[in-house]
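Accompanying notes for the structure given below.
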Amino acid sequence: MKLSSLHRRHVLGLLLAAPAATRAQLRSAEELENNPRWLQQREALFARRPIVEDEALLSLQAPVRAEDAAVVPIGVRAGFAQGQGARVRRLVLVIDNNPSPLAAMVDFGPASGRADLETRVRIDEYGFVRAIAELDDGRLVMSKRFVKASGGCSAPPGKDAEAARAALGRMRLAVQEDAPPGQPLRAQLMVSHPNDSGLVMDQATRLFTKAQYVRNIELAYAGQRLLSAQVDFSLSENPHLRFWLRAEPRGGELLARVDDTEGRHFEQRLQLAA
């Protein structure tokens, strides 16, 4: 959609009136939507397939202004449970202005109860966070939010290096205990990992810390695949993932497998009662 001349003059006036440090953060709607980084990701992931925005099918929750750019909570909600007339096959999370815009690509398996996810991300510059769902009928649906945050990918870690090394790889699985019978169960995975971006300068040595971060997350329940996720350092330190699984009357084992870029492998298991 073309911007009206009145709107263009309004945006230009804002740019001229703003301090130089903030002018780069003011963009017209047209410029934001034609962000070269987003267009490159769009072409690589979806080619020229149409993408519609429909909040009834998919919605993204994110703060307008983040309190901490290194730990920005986001949530993705599908408008239906998996298998109720439609199913989300894949969910893609793109943060337009991050050094690595493709934050996560999540494929859902038969044990998934809902294609809803919550996590915490780093945001390096003002811009859009986008969630794009691919449905099993091939449709692409997007929800996006403009988030005011900057510097998240180069922010110093919240823990000192020694404490981070001591806790590296520890995982915790937890599952909702009071879900109504027959309804999907809410669960969460927490991984102790610095998720170093390689963009943080050590103030003592003046050298950049080595990039090392969680790369793959695999979840299974009762012997069936729940989800598999390819992620990167856009996820915050100590990655956290909240998800939904399909309840099994007989119970079963919830299994989490995590790999990082250093070739380390971590596993955690939780037995769920019937």
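Each chain of the structure tokens is named A, B, ... in the order shown, its residues numbered from 1; ligands are numbered from 1 in display order.
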
Can you list, as a list in words, every protein, DNA or RNA residue that comes within 10 Å of Lys148 (chain A) when you count only C-alpha atoms, leaving out same-chain residues fewer than 3 positions away?
->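 Contacts, with the query itself left out: Gln25, Pro63, Val64, Arg65, Ala66, Glu67, Ala69, Ile123, Asp124, Glu125, Tyr126, Gly127, Phe128 and Arg145 of chain A.
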
Determine, for each residue of region 124-195 of chain A having at least one atom at most 12 Å from an atom of region 257-262 of chain A, the closest pair of atoms and their separation in Å to one decimal, counting only C-alpha atoms; order by chain and ascending number, as CSV.
```
residue,atom,partner,partner_atom,distance
A:Leu168,CA,A:Asp260,CA,10.8
A:Gly169,CA,A:Val258,CA,8.6
A:Arg170,CA,A:Val258,CA,10.5
A:Met171,CA,A:Val258,CA,9.2
A:Arg172,CA,A:Arg257,CA,11.5
A:Leu173,CA,A:Arg257,CA,11.2
A:Leu189,CA,A:Arg257,CA,10.4
A:Met190,CA,A:Val258,CA,10.6
A:Val191,CA,A:Val258,CA,8.5
A:Ser192,CA,A:Val258,CA,10.9
A:His193,CA,A:Asp260,CA,9.1
A:Pro194,CA,A:Asp260,CA,10.7
A:Asn195,CA,A:Asp260,CA,8.7
```

Produce a file of the selected residues containing N, CA and C atoms, as a compact mmCIF listing (two decimals), in the first residue's frame.
```txt
# COMPACT_ATOMS: atom_id res chain seq x y z
N LEU A 168 26.63 -25.10 32.85
CA LEU A 168 26.44 -25.39 31.44
C LEU A 168 25.79 -26.75 31.21
N GLY A 169 24.70 -26.75 30.47
CA GLY A 169 24.05 -27.99 30.08
C GLY A 169 22.99 -28.51 31.02
N ARG A 170 22.86 -27.90 32.19
CA ARG A 170 21.79 -28.33 33.09
C ARG A 170 20.44 -27.98 32.47
N MET A 171 19.51 -28.93 32.55
CA MET A 171 18.19 -28.71 31.96
C MET A 171 17.10 -29.01 32.97
N ARG A 172 15.97 -28.35 32.77
CA ARG A 172 14.81 -28.61 33.62
C ARG A 172 13.57 -28.70 32.75
N LEU A 173 12.81 -29.77 32.95
CA LEU A 173 11.52 -29.94 32.29
C LEU A 173 10.43 -29.84 33.34
N LEU A 189 10.76 -26.04 28.92
CA LEU A 189 12.14 -26.51 28.96
C LEU A 189 13.03 -25.31 29.25
N MET A 190 13.95 -25.48 30.20
CA MET A 190 14.94 -24.45 30.50
C MET A 190 16.32 -25.08 30.40
N VAL A 191 17.23 -24.40 29.70
CA VAL A 191 18.58 -24.90 29.47
C VAL A 191 19.59 -23.87 30.00
N SER A 192 20.50 -24.31 30.86
CA SER A 192 21.57 -23.42 31.33
C SER A 192 22.65 -23.38 30.26
N HIS A 193 22.76 -22.26 29.60
CA HIS A 193 23.74 -22.12 28.51
C HIS A 193 23.95 -20.63 28.26
N PRO A 194 25.20 -20.17 28.12
CA PRO A 194 25.43 -18.74 27.91
C PRO A 194 24.88 -18.22 26.59
N ASN A 195 24.70 -19.11 25.61
CA ASN A 195 24.20 -18.71 24.30
C ASN A 195 24.96 -17.49 23.78
```

A:Ser154, A:Gln230, A:Asn34, A:Thr209 ranked by distance to Val92 (chain A), top pick (using only C-alpha atoms) |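 Residue with the minimum atom-to-atom distance to Val92 (chain A): A:Gln230.
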
Best match for closeness to Leu102 (chain A) among A:Ala204, A:Ile132, A:Ala274, A:Leu219, counting only C-alpha atoms |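 Counting only C-alpha atoms, the residue closest to Leu102 (chain A) is A:Ile132.
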
So which bits of region 54-218 of chain A end up alpha helix (DSSP H) when you DSSP the backbone, as a list in words?
->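 Residues meeting the alpha helix (DSSP H) criterion: Ala161, Glu162, Ala163, Ala164, Arg165, Ala166 and Ala167 of chain A.
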
Could the residues in this selection be written to a file with N, CA, C and O atoms, as a PDB file, in the first residue's frame?
```pdb
ATOM      1  N   ALA A 161      31.431 -15.692  34.101  1.00  0.00           N
ATOM      2  CA  ALA A 161      31.842 -16.798  33.245  1.00  0.00           C
ATOM      3  C   ALA A 161      32.014 -18.097  34.020  1.00  0.00           C
ATOM      4  O   ALA A 161      31.650 -19.174  33.536  1.00  0.00           O
ATOM      5  N   GLU A 162      32.545 -18.028  35.230  1.00  0.00           N
ATOM      6  CA  GLU A 162      32.772 -19.246  36.011  1.00  0.00           C
ATOM      7  C   GLU A 162      31.458 -19.922  36.396  1.00  0.00           C
ATOM      8  O   GLU A 162      31.315 -21.143  36.281  1.00  0.00           O
ATOM      9  N   ALA A 163      30.471 -19.118  36.813  1.00  0.00           N
ATOM     10  CA  ALA A 163      29.168 -19.676  37.171  1.00  0.00           C
ATOM     11  C   ALA A 163      28.477 -20.261  35.947  1.00  0.00           C
ATOM     12  O   ALA A 163      27.830 -21.307  36.031  1.00  0.00           O
ATOM     13  N   ALA A 164      28.625 -19.600  34.802  1.00  0.00           N
ATOM     14  CA  ALA A 164      28.007 -20.099  33.573  1.00  0.00           C
ATOM     15  C   ALA A 164      28.607 -21.437  33.165  1.00  0.00           C
ATOM     16  O   ALA A 164      27.898 -22.360  32.745  1.00  0.00           O
ATOM     17  N   ARG A 165      29.936 -21.569  33.298  1.00  0.00           N
ATOM     18  CA  ARG A 165      30.587 -22.842  32.949  1.00  0.00           C
ATOM     19  C   ARG A 165      30.151 -23.964  33.893  1.00  0.00           C
ATOM     20  O   ARG A 165      29.951 -25.101  33.474  1.00  0.00           O
ATOM     21  N   ALA A 166      29.994 -23.641  35.164  1.00  0.00           N
ATOM     22  CA  ALA A 166      29.607 -24.661  36.143  1.00  0.00           C
ATOM     23  C   ALA A 166      28.202 -25.196  35.882  1.00  0.00           C
ATOM     24  O   ALA A 166      27.917 -26.368  36.141  1.00  0.00           O
ATOM     25  N   ALA A 167      27.327 -24.324  35.373  1.00  0.00           N
ATOM     26  CA  ALA A 167      25.926 -24.722  35.151  1.00  0.00           C
ATOM     27  C   ALA A 167      25.652 -25.189  33.730  1.00  0.00           C
ATOM     28  O   ALA A 167      24.540 -25.630  33.439  1.00  0.00           O
TER      29      ALA A 167
END
```

Tell me which protein, DNA and RNA residues are within 7 Å of region 135-137 of chain A, counting only C-alpha atoms, leaving out same-chain ones fewer than 3 positions away, and put them as a list of chain:residue names.
->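 Listed by chain and then number, they are A:Ala86, A:Arg87, A:Val88, A:Arg89, A:Leu140.
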
Just-selected residues, all heavy atoms written as a PDB file, in the first residue's frame:
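Heads up, here's the output in again_1.pdb:
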```pdb
ATOM      1  N   ALA A  86      -7.285 -27.744  11.193  1.00  0.00           N
ATOM      2  CA  ALA A  86      -6.048 -27.236  10.605  1.00  0.00           C
ATOM      3  C   ALA A  86      -4.894 -27.634  11.520  1.00  0.00           C
ATOM      4  O   ALA A  86      -5.097 -28.001  12.680  1.00  0.00           O
ATOM      5  CB  ALA A  86      -6.107 -25.722  10.441  1.00  0.00           C
ATOM      6  N   ARG A  87      -3.703 -27.548  10.989  1.00  0.00           N
ATOM      7  CA  ARG A  87      -2.524 -27.916  11.765  1.00  0.00           C
ATOM      8  C   ARG A  87      -1.356 -27.048  11.313  1.00  0.00           C
ATOM      9  O   ARG A  87      -1.154 -26.836  10.111  1.00  0.00           O
ATOM     10  CB  ARG A  87      -2.196 -29.397  11.575  1.00  0.00           C
ATOM     11  CG  ARG A  87      -1.057 -29.899  12.453  1.00  0.00           C
ATOM     12  CD  ARG A  87      -0.848 -31.385  12.266  1.00  0.00           C
ATOM     13  NE  ARG A  87       0.197 -31.862  13.177  1.00  0.00           N
ATOM     14  CZ  ARG A  87      -0.022 -32.235  14.425  1.00  0.00           C
ATOM     15  NH1 ARG A  87      -1.254 -32.207  14.908  1.00  0.00           N
ATOM     16  NH2 ARG A  87       0.963 -32.635  15.191  1.00  0.00           N
ATOM     17  N   VAL A  88      -0.584 -26.542  12.274  1.00  0.00           N
ATOM     18  CA  VAL A  88       0.635 -25.805  11.949  1.00  0.00           C
ATOM     19  C   VAL A  88       1.755 -26.820  11.780  1.00  0.00           C
ATOM     20  O   VAL A  88       2.059 -27.581  12.706  1.00  0.00           O
ATOM     21  CB  VAL A  88       0.995 -24.793  13.052  1.00  0.00           C
ATOM     22  CG1 VAL A  88       2.347 -24.135  12.742  1.00  0.00           C
ATOM     23  CG2 VAL A  88      -0.084 -23.726  13.182  1.00  0.00           C
ATOM     24  N   ARG A  89       2.326 -26.852  10.595  1.00  0.00           N
ATOM     25  CA  ARG A  89       3.437 -27.768  10.323  1.00  0.00           C
ATOM     26  C   ARG A  89       4.757 -27.163  10.794  1.00  0.00           C
ATOM     27  O   ARG A  89       5.592 -27.846  11.376  1.00  0.00           O
ATOM     28  CB  ARG A  89       3.508 -28.068   8.828  1.00  0.00           C
ATOM     29  CG  ARG A  89       4.529 -29.134   8.456  1.00  0.00           C
ATOM     30  CD  ARG A  89       4.546 -29.383   6.963  1.00  0.00           C
ATOM     31  NE  ARG A  89       5.188 -28.281   6.250  1.00  0.00           N
ATOM     32  CZ  ARG A  89       6.502 -28.184   6.097  1.00  0.00           C
ATOM     33  NH1 ARG A  89       7.321 -29.080   6.620  1.00  0.00           N
ATOM     34  NH2 ARG A  89       7.016 -27.175   5.412  1.00  0.00           N
ATOM     35  N   LEU A 140       0.507 -19.767   4.287  1.00  0.00           N
ATOM     36  CA  LEU A 140       1.445 -19.076   5.158  1.00  0.00           C
ATOM     37  C   LEU A 140       0.723 -17.921   5.845  1.00  0.00           C
ATOM     38  O   LEU A 140       0.086 -17.103   5.177  1.00  0.00           O
ATOM     39  CB  LEU A 140       2.635 -18.534   4.360  1.00  0.00           C
ATOM     40  CG  LEU A 140       3.532 -19.572   3.675  1.00  0.00           C
ATOM     41  CD1 LEU A 140       4.553 -18.875   2.788  1.00  0.00           C
ATOM     42  CD2 LEU A 140       4.243 -20.453   4.704  1.00  0.00           C
TER      43      LEU A 140
END
```

Nearest to Ser150 (chain A), restricted to only C-alpha atoms and choosing among A:Ser236, A:Gln176, A:Asn35, A:Asn98, comes out as A:Asn98

Interatomic distance, CA of Asp96 (chain A) to CA of Arg122 (chain A) (Å, one decimal) |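 Interatomic distance here is 11.7 Å.
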
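The residue that comes closest to Ala81 (chain A), out of A:Gly251, A:Pro156, A:Pro181, A:Gly113 and on the basis of only C-alpha atoms, is A:Gly113.
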